[in-house]
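Trainee: Sharing a structure below in structure tokens format, with a few things to ask.
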Amino acid sequence: MKELLQSVTENLIFVLQFLGLVLLVFLLAYGIEKAVKKRNGDTQRVLATRKIVVIGIFSAISGILMSLSFPVPFAPSFYDIDFSELPALIGAFAYGPVAGVMIEFLKILVKLVLKPSSTAFVGELANFVVSCMLVLPASVFYLFHKSRRRAIVGTVTGTLLMALGGALFNAVYLLPKFAQMFGMPLDAIIAMGAAIHPSIDSVTGLVLLCVVPLNLLKGALVSLVTLLVYKKLSPILKNTR
């Protein structure tokens with residue numbers, strides 16, 4: 001009974017920390033977007049009613065895509081790839097960083113309805129944080145000056161930040177947290193990586209050979225598709241404002 005209570009308490013604290021992090025990222029996006037709008041003389045509200053409706057639709061699509069994840073051959077089974085960032089990045093280009101962050105959070109709620117967490121929410125936290133490392137900087141670059149060149153610079157920057165920041169986040173927080181919440185020695189997780197890449201003998205090796213390539217691949221594919229389709233979708237999305 002004591003162990004169960006401790007487990008429930010740890011999960012509750014983790015969820016509260018998760019929600020606190022979501023709030024911080026949202027406030028950061030809101031502050032940046034509000035400042036840029038003021039600088040550009042844009043008096044439109046950050047969250048207009050019709051925009052919220054589209055954010056809801058994109059969140060549903062993103063949540064479905066998140067539930068359709070699949071493994072990659074160069075990483076352990078607890079690392080998989082999905083393309084749920086695609087609607088978030090398109091939405092962020094169309095409506096700003098706040099929309100992108102909202103889609104990233106709401107998609108997790110949709111995903112949890114479709115497919116319950118198998119990682120005690122650690123995987124969902126990882127997805128939110130790492131995805132925002134792509135969506136937030138890419139949309140901020142684009143927000144300052146909406147051009148194809150800015151979109152390319154933003155997505156390249158976001159992809160690199162997602163790869164490097166995701167690796168650091170995994171090494172410092174996520175992998176130790178995953179090991180703690182599942183009562184699994186960190187060495188056992190490293191061994192799962194070593195089974196694929198024999199040269200892996202540490203957390204650093206695991207994130208460099210598994211996490212970095214995964215996030216580079218995901219960021220590149222999501223960015224490429226966004227750049228290819230956004231121009232065609234933009235007139236439709238703009239009309240919903």
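Each chain in the structure tokens gets a letter, A, B, ..., in the order shown, and its residues are numbered from 1; ligands are numbered from 1 in order too.
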Which residues, written as a short mmCIF file (atom, residue, chain, number, x, y, z; two decimals) with N, CA and C atoms, in the first residue's frame, have at least one atom at most 6 Å from range 151-160 of chain A, with only C-alpha atoms counted and residues fewer than 4 positions away on the same chain left out?
Mentor:
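The resulting file, part.cif, is shown below:
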```cif
data_model
loop_
_atom_site.label_atom_id
_atom_site.label_comp_id
_atom_site.auth_asym_id
_atom_site.auth_seq_id
_atom_site.Cartn_x
_atom_site.Cartn_y
_atom_site.Cartn_z
N LEU A 134 11.26 22.61 -32.12
CA LEU A 134 11.18 22.81 -33.57
C LEU A 134 10.17 23.90 -33.91
N PRO A 137 10.87 28.05 -32.38
CA PRO A 137 11.84 28.91 -33.10
C PRO A 137 11.52 29.09 -34.58
N ALA A 138 11.01 28.03 -35.22
CA ALA A 138 10.68 28.13 -36.64
C ALA A 138 9.59 29.18 -36.86
N PHE A 141 10.90 32.88 -36.15
CA PHE A 141 11.65 33.40 -37.30
C PHE A 141 10.68 33.87 -38.39
N TYR A 142 9.68 33.05 -38.66
CA TYR A 142 8.73 33.37 -39.72
C TYR A 142 7.84 34.55 -39.34
N GLY A 219 12.72 16.20 -37.84
CA GLY A 219 12.69 17.63 -38.12
C GLY A 219 12.82 17.93 -39.60
N SER A 223 9.76 19.54 -41.68
CA SER A 223 10.06 20.85 -42.27
C SER A 223 9.88 20.84 -43.78
#
```
Trainee: Give me the residues within 9 Å of Gly123 in chain A as a PyMOL selection string, counting only C-alpha atoms and dropping any in the same chain fewer than 4 places off.
Mentor: chain A and resi 78-79+117-119+127-128+174+178
Trainee: Which residues, written as a PDB file with C-alpha atoms, in the first residue's frame, have at least one atom at most 8 Å from range 26-36 of chain A, with only C-alpha atoms counted and residues fewer than 6 positions away on the same chain left out?
Mentor:
```pdb
ATOM      1  CA  VAL A  46      -3.505  36.518 -30.494  1.00  0.00           C
ATOM      2  CA  GLY A  96       1.833  32.304 -34.806  1.00  0.00           C
ATOM      3  CA  PRO A  97       3.849  30.574 -32.067  1.00  0.00           C
ATOM      4  CA  VAL A  98       0.953  30.481 -29.567  1.00  0.00           C
ATOM      5  CA  VAL A 101       2.289  25.501 -28.737  1.00  0.00           C
ATOM      6  CA  MET A 102      -1.443  25.007 -28.165  1.00  0.00           C
ATOM      7  CA  LEU A 136       8.573  27.619 -31.543  1.00  0.00           C
ATOM      8  CA  VAL A 140       9.187  32.984 -34.394  1.00  0.00           C
ATOM      9  CA  LEU A 143       6.660  35.754 -37.590  1.00  0.00           C
ATOM     10  CA  PHE A 144       9.262  38.530 -37.800  1.00  0.00           C
TER      11      PHE A 144
END
```
Trainee: Residues within 10 Å of Asp187 in chain A, please, as a ChimeraX atom specification. Count only C-alpha atoms; anything in the same chain fewer than 3 positions from it doesn't count.
Mentor: /A:179,184,190-193,201-203
Trainee: If DSSP is run on the backbone, what residues of chain A are alpha helix (DSSP H)? A reply as a PyMOL selection string would be ideal.
Mentor: chain A and resi 2-39+49-67+85-95+97-114+122-144+148-169+175-181+186-194+203-206+212-238
Trainee: Would you compute the distance between CA of Val135 in chain A and CA of Ala92 in chain A? Give it in Å to one decimal.
Mentor: 7.0 Å
